[in-house]
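Peer 1: Sharing work-v9.cif below, mmCIF, C-alpha atoms:
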```cif
data_model
#
loop_
_atom_site.group_PDB
_atom_site.id
_atom_site.type_symbol
_atom_site.label_atom_id
_atom_site.label_comp_id
_atom_site.auth_asym_id
_atom_site.auth_seq_id
_atom_site.Cartn_x
_atom_site.Cartn_y
_atom_site.Cartn_z
ATOM 1 C CA MET H 1 -39.529 22.585 10.466
ATOM 2 C CA ASP H 2 -39.842 18.780 10.461
ATOM 3 C CA GLU H 3 -39.372 18.849 6.698
ATOM 4 C CA LEU H 4 -36.136 20.821 7.066
ATOM 5 C CA GLN H 5 -34.900 18.453 9.760
ATOM 6 C CA ALA H 6 -35.647 15.446 7.519
ATOM 7 C CA LYS H 7 -33.807 17.097 4.627
ATOM 8 C CA LEU H 8 -30.850 17.806 6.909
ATOM 9 C CA GLN H 9 -30.776 14.182 8.068
ATOM 10 C CA ALA H 10 -30.989 12.898 4.476
ATOM 11 C CA GLU H 11 -28.039 15.070 3.411
ATOM 12 C CA LEU H 12 -26.090 13.947 6.465
ATOM 13 C CA ASP H 13 -26.704 10.295 5.550
ATOM 14 C CA LYS H 14 -25.499 10.951 1.991
ATOM 15 C CA PHE H 15 -22.394 12.674 3.340
ATOM 16 C CA LYS H 16 -21.630 9.734 5.631
ATOM 17 C CA ALA H 17 -22.005 7.292 2.719
ATOM 18 C CA VAL H 18 -19.580 9.294 0.574
ATOM 19 C CA GLU H 19 -17.181 9.575 3.505
ATOM 20 C CA LYS H 20 -17.284 5.795 4.002
ATOM 21 C CA GLU H 21 -16.631 5.217 0.285
ATOM 22 C CA TYR H 22 -13.753 7.719 0.444
ATOM 23 C CA HIS H 23 -12.059 5.887 3.323
ATOM 24 C CA LYS H 24 -12.514 2.565 1.523
ATOM 25 C CA ALA H 25 -10.899 3.967 -1.641
ATOM 26 C CA VAL H 26 -7.975 5.407 0.335
ATOM 27 C CA SER H 27 -7.461 2.044 2.025
ATOM 28 C CA GLN H 28 -7.508 0.194 -1.303
ATOM 29 C CA ARG H 29 -5.070 2.711 -2.751
ATOM 30 C CA GLN H 30 -2.669 2.082 0.133
ATOM 31 C CA VAL H 31 -2.793 -1.661 -0.595
ATOM 32 C CA LEU H 32 -1.988 -0.994 -4.259
ATOM 33 C CA ASP H 33 0.845 1.316 -3.259
ATOM 34 C CA GLY H 34 2.317 -1.480 -1.132
ATOM 35 C CA GLN H 35 2.004 -3.935 -4.024
ATOM 36 C CA LEU H 36 3.751 -1.502 -6.378
ATOM 37 C CA HIS H 37 6.564 -1.040 -3.871
ATOM 38 C CA GLU H 38 6.935 -4.820 -3.526
ATOM 39 C CA ASN H 39 7.005 -5.313 -7.301
ATOM 40 C CA THR H 40 9.550 -2.518 -7.706
ATOM 41 C CA GLY H 41 11.811 -4.420 -5.308
ATOM 42 C CA VAL H 42 11.316 -7.629 -7.299
ATOM 43 C CA LYS H 43 12.147 -5.781 -10.537
ATOM 44 C CA GLN H 44 15.334 -4.397 -9.013
ATOM 45 C CA GLU H 45 16.350 -7.879 -7.881
ATOM 46 C CA LEU H 46 15.656 -9.328 -11.338
ATOM 47 C CA ASP H 47 17.693 -6.543 -12.949
ATOM 48 C CA LEU H 48 20.698 -7.565 -10.818
ATOM 49 C CA LEU H 49 20.674 -11.085 -12.284
ATOM 50 C CA LYS H 50 22.866 -11.986 -15.231
ATOM 51 C CA ASP H 51 21.170 -13.209 -18.404
ATOM 52 C CA ASP H 52 21.943 -16.825 -17.501
ATOM 53 C CA GLY H 53 20.601 -16.430 -13.943
ATOM 54 C CA GLU H 54 17.955 -18.850 -12.748
ATOM 55 C CA VAL H 55 14.534 -17.709 -11.584
ATOM 56 C CA TYR H 56 11.928 -19.881 -9.915
ATOM 57 C CA LYS H 57 8.247 -19.197 -9.546
ATOM 58 C CA LEU H 58 6.170 -20.610 -6.718
ATOM 59 C CA ILE H 59 3.065 -22.332 -8.078
ATOM 60 C CA GLY H 60 1.143 -23.902 -5.242
ATOM 61 C CA PRO H 61 3.626 -25.952 -3.208
ATOM 62 C CA VAL H 62 6.063 -26.361 -6.156
ATOM 63 C CA LEU H 63 8.925 -24.161 -7.371
ATOM 64 C CA VAL H 64 8.925 -24.075 -11.178
ATOM 65 C CA LYS H 65 11.857 -22.767 -13.211
ATOM 66 C CA GLN H 66 10.997 -19.659 -15.225
ATOM 67 C CA GLU H 67 12.898 -17.812 -17.930
ATOM 68 C CA LEU H 68 14.423 -14.550 -16.707
ATOM 69 C CA THR H 69 12.939 -12.531 -19.589
ATOM 70 C CA GLU H 70 9.498 -14.001 -18.897
ATOM 71 C CA ALA H 71 9.791 -13.143 -15.208
ATOM 72 C CA LYS H 72 10.829 -9.568 -16.054
ATOM 73 C CA GLN H 73 7.930 -9.223 -18.483
ATOM 74 C CA ASN H 74 5.443 -10.533 -15.905
ATOM 75 C CA VAL H 75 6.680 -8.090 -13.269
ATOM 76 C CA ALA H 76 6.587 -5.192 -15.752
ATOM 77 C CA LYS H 77 3.003 -6.081 -16.770
ATOM 78 C CA ARG H 78 1.965 -6.323 -13.121
ATOM 79 C CA MET H 79 3.535 -2.935 -12.368
ATOM 80 C CA ASP H 80 1.748 -1.361 -15.353
ATOM 81 C CA TYR H 81 -1.552 -2.804 -14.163
ATOM 82 C CA ILE H 82 -0.985 -1.560 -10.602
ATOM 83 C CA LYS H 83 -0.037 1.911 -11.869
ATOM 84 C CA GLY H 84 -3.267 2.000 -13.883
ATOM 85 C CA GLU H 85 -5.275 1.003 -10.828
ATOM 86 C CA LEU H 86 -3.490 3.648 -8.737
ATOM 87 C CA LYS H 87 -4.453 6.278 -11.322
ATOM 88 C CA ARG H 88 -8.052 5.062 -11.246
ATOM 89 C CA PHE H 89 -8.167 5.251 -7.442
ATOM 90 C CA ASP H 90 -6.516 8.694 -7.442
ATOM 91 C CA ASP H 91 -9.274 9.912 -9.763
ATOM 92 C CA LEU H 92 -11.941 8.254 -7.603
ATOM 93 C CA ILE H 93 -10.512 9.791 -4.426
ATOM 94 C CA ALA H 94 -10.413 13.241 -6.036
ATOM 95 C CA SER H 95 -14.035 12.836 -7.151
ATOM 96 C CA LEU H 96 -15.149 11.688 -3.704
ATOM 97 C CA ASP H 97 -13.230 14.540 -2.103
ATOM 98 C CA LEU H 98 -15.146 16.986 -4.278
ATOM 99 C CA LYS H 99 -18.466 15.318 -3.371
ATOM 100 C CA GLN H 100 -17.599 15.566 0.321
ATOM 101 C CA GLU H 101 -16.951 19.287 -0.012
ATOM 102 C CA GLN H 102 -20.271 19.778 -1.815
ATOM 103 C CA TYR H 103 -22.156 17.894 0.903
ATOM 104 C CA LYS H 104 -20.377 19.893 3.608
ATOM 105 C CA GLU H 105 -21.548 23.118 1.951
ATOM 106 C CA LYS H 106 -25.133 21.816 1.654
ATOM 107 C CA LEU H 107 -25.108 20.672 5.270
ATOM 108 C CA SER H 108 -23.771 24.019 6.435
ATOM 109 C CA LYS H 109 -26.530 25.905 4.594
ATOM 110 C CA LEU H 110 -29.212 23.546 5.903
ATOM 111 C CA GLN H 111 -27.939 23.905 9.464
ATOM 112 C CA VAL H 112 -28.140 27.687 9.190
ATOM 113 C CA GLN H 113 -31.706 27.428 7.846
ATOM 114 C CA PHE H 114 -32.627 24.992 10.626
ATOM 115 C CA GLN H 115 -31.220 27.309 13.288
ATOM 116 C CA GLN H 116 -33.124 30.253 11.800
ATOM 117 C CA GLU H 117 -36.344 28.210 11.898
ATOM 118 C CA GLN H 118 -35.679 27.328 15.537
ATOM 119 C CA VAL H 119 -35.204 31.011 16.393
ATOM 120 C CA LYS H 120 -38.441 31.923 14.597
ATOM 121 C CA ALA H 121 -40.306 29.159 16.433
ATOM 122 C CA ALA H 122 -38.883 30.336 19.771
ATOM 123 C CA VAL H 123 -39.936 33.936 19.075
ATOM 124 C CA LYS H 124 -43.501 32.849 18.215
ATOM 125 C CA ALA H 125 -43.799 30.810 21.395
#
```
What would you get if you wrote out this structure as C-alpha cells?

Peer 2:
Amino acid sequence: MDELQAKLQAELDKFKAVEKEYHKAVSQRQVLDGQLHENTGVKQELDLLKDDGEVYKLIGPVLVKQELTEAKQNVAKRMDYIKGELKRFDDLIASLDLKQEQYKEKLSKLQVQFQQEQVKAAVKA
C-alpha cells in the first residue's frame, strides 16, 4: 500500500510539473501574441506613409533616420519570426495538453487502485 501511495505521489508530482510548464508556455504565447499585434499596428502605420515619407528608429537615446523600405522589411521579418514562435508555442501547448490528459488518466487509475487497497485493508482489520 505504501508503494502504491508513493507511485501516486510521483505521478502527481509529474502532473504538477507538466501543468506548470503548460502555464508558462501559455503565458509566453500571450506575450508573443501582444508583440505580433503591436508589429501589425506598426506595419499598418508604415503602409500609410508615402514612398518619400521619413521614418526614424530609436537607437539608445538617439533617433536615427531609416529608409522606409528598410523599416518595412525589418517589421515584416520580425512578424515572420513572431509567427514562427507562435506556431512553435502552439505545438508545445498542444503537446503539454496531451501529456496532462495522460497524467490525469494515470492518476485516476492509481486513485481507484489506492481506494481499493484501503477497502481491502479495512476489511482485514

Peer 1: Could you name the residues that touch Gln5 (chain H) at 10 Å or less, counting only C-alpha atoms, but leaving out those on the same chain fewer than 2 positions away, as a list in words?

Peer 2: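 In the requested format, the answer is Met1, Asp2, Glu3, Lys7, Leu8, Gln9, Ala10, Glu11, Leu110, Gln111, Gln113 and Phe114 of chain H.
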
Peer 1: Would you compute the distance between CA of Asp91 (chain H) and CA of Leu12 (chain H)? Give it in Å to one decimal.

Peer 2: 23.7 Å

Peer 1: For Asn74 (chain H), which of H:Gln102, H:Asn39, H:Gln44, H:Ser95 is the closest residue, counting all atoms listed in the file?

Peer 2: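 So, comparing all the options, the nearest one is H:Asn39.
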
Peer 1: CA of Gln115 (chain H) and CA of Asp97 (chain H), how far apart in Å?

Peer 2: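 A separation of 26.9 Å between them.
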
Peer 1: Just so the selection is clear, what residues does the PyMOL selection byres ((chain H and resi 65) around 9) cover here, as an MDAnalysis selection string?

Peer 2: chainID H and resid 54:58 63:64 66:67

Peer 1: Residues picked by the PyMOL selection byres ((chain H and resi 93) around 12) here, as a VMD selection string?

Peer 2: chain H and resid 18 to 30 86 to 92 94 to 100

Peer 1: Out of H:Leu4, H:Ala17, H:Leu46, H:Leu36, which residue has the shortest atom-to-atom distance to Lys109 (chain H) when counting all atoms listed in the file?

Peer 2: H:Leu4

Peer 1: Would you compute the box with edges along x, y and z of the file around region 26-44 of chain H, including every atom the file lists for it and 4 Å extra on each side, and give its centre and edge lengths in Å to one decimal, as AutoDock Vina command-line options?

Peer 2:
```
--center_x 3.7 --center_y -1.1 --center_z -4.3 --size_x 31.3 --size_y 21.0 --size_z 20.6
```

Peer 1: Quick one: distance from CA of Gln73 (chain H) to CA of His37 (chain H) in Å, one decimal?

Peer 2: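 Computed distance, CA of Gln73 (chain H) to CA of His37 (chain H), equals 16.8 Å.
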
Peer 1: From the set H:Asp51, H:Glu117, H:Glu85, H:Asp13, which residue has the shortest atom-to-atom contact distance to Asp33 (chain H), counting only C-alpha atoms?

Peer 2: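 Looking only at the distances to Asp33 (chain H), the closest residue turns out to be H:Glu85.
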
Peer 1: Pick the closest to Leu68 (chain H) from H:Ala6, H:Val31, H:Val112, H:Leu48: which is it, counting only C-alpha atoms?

Peer 2: H:Leu48
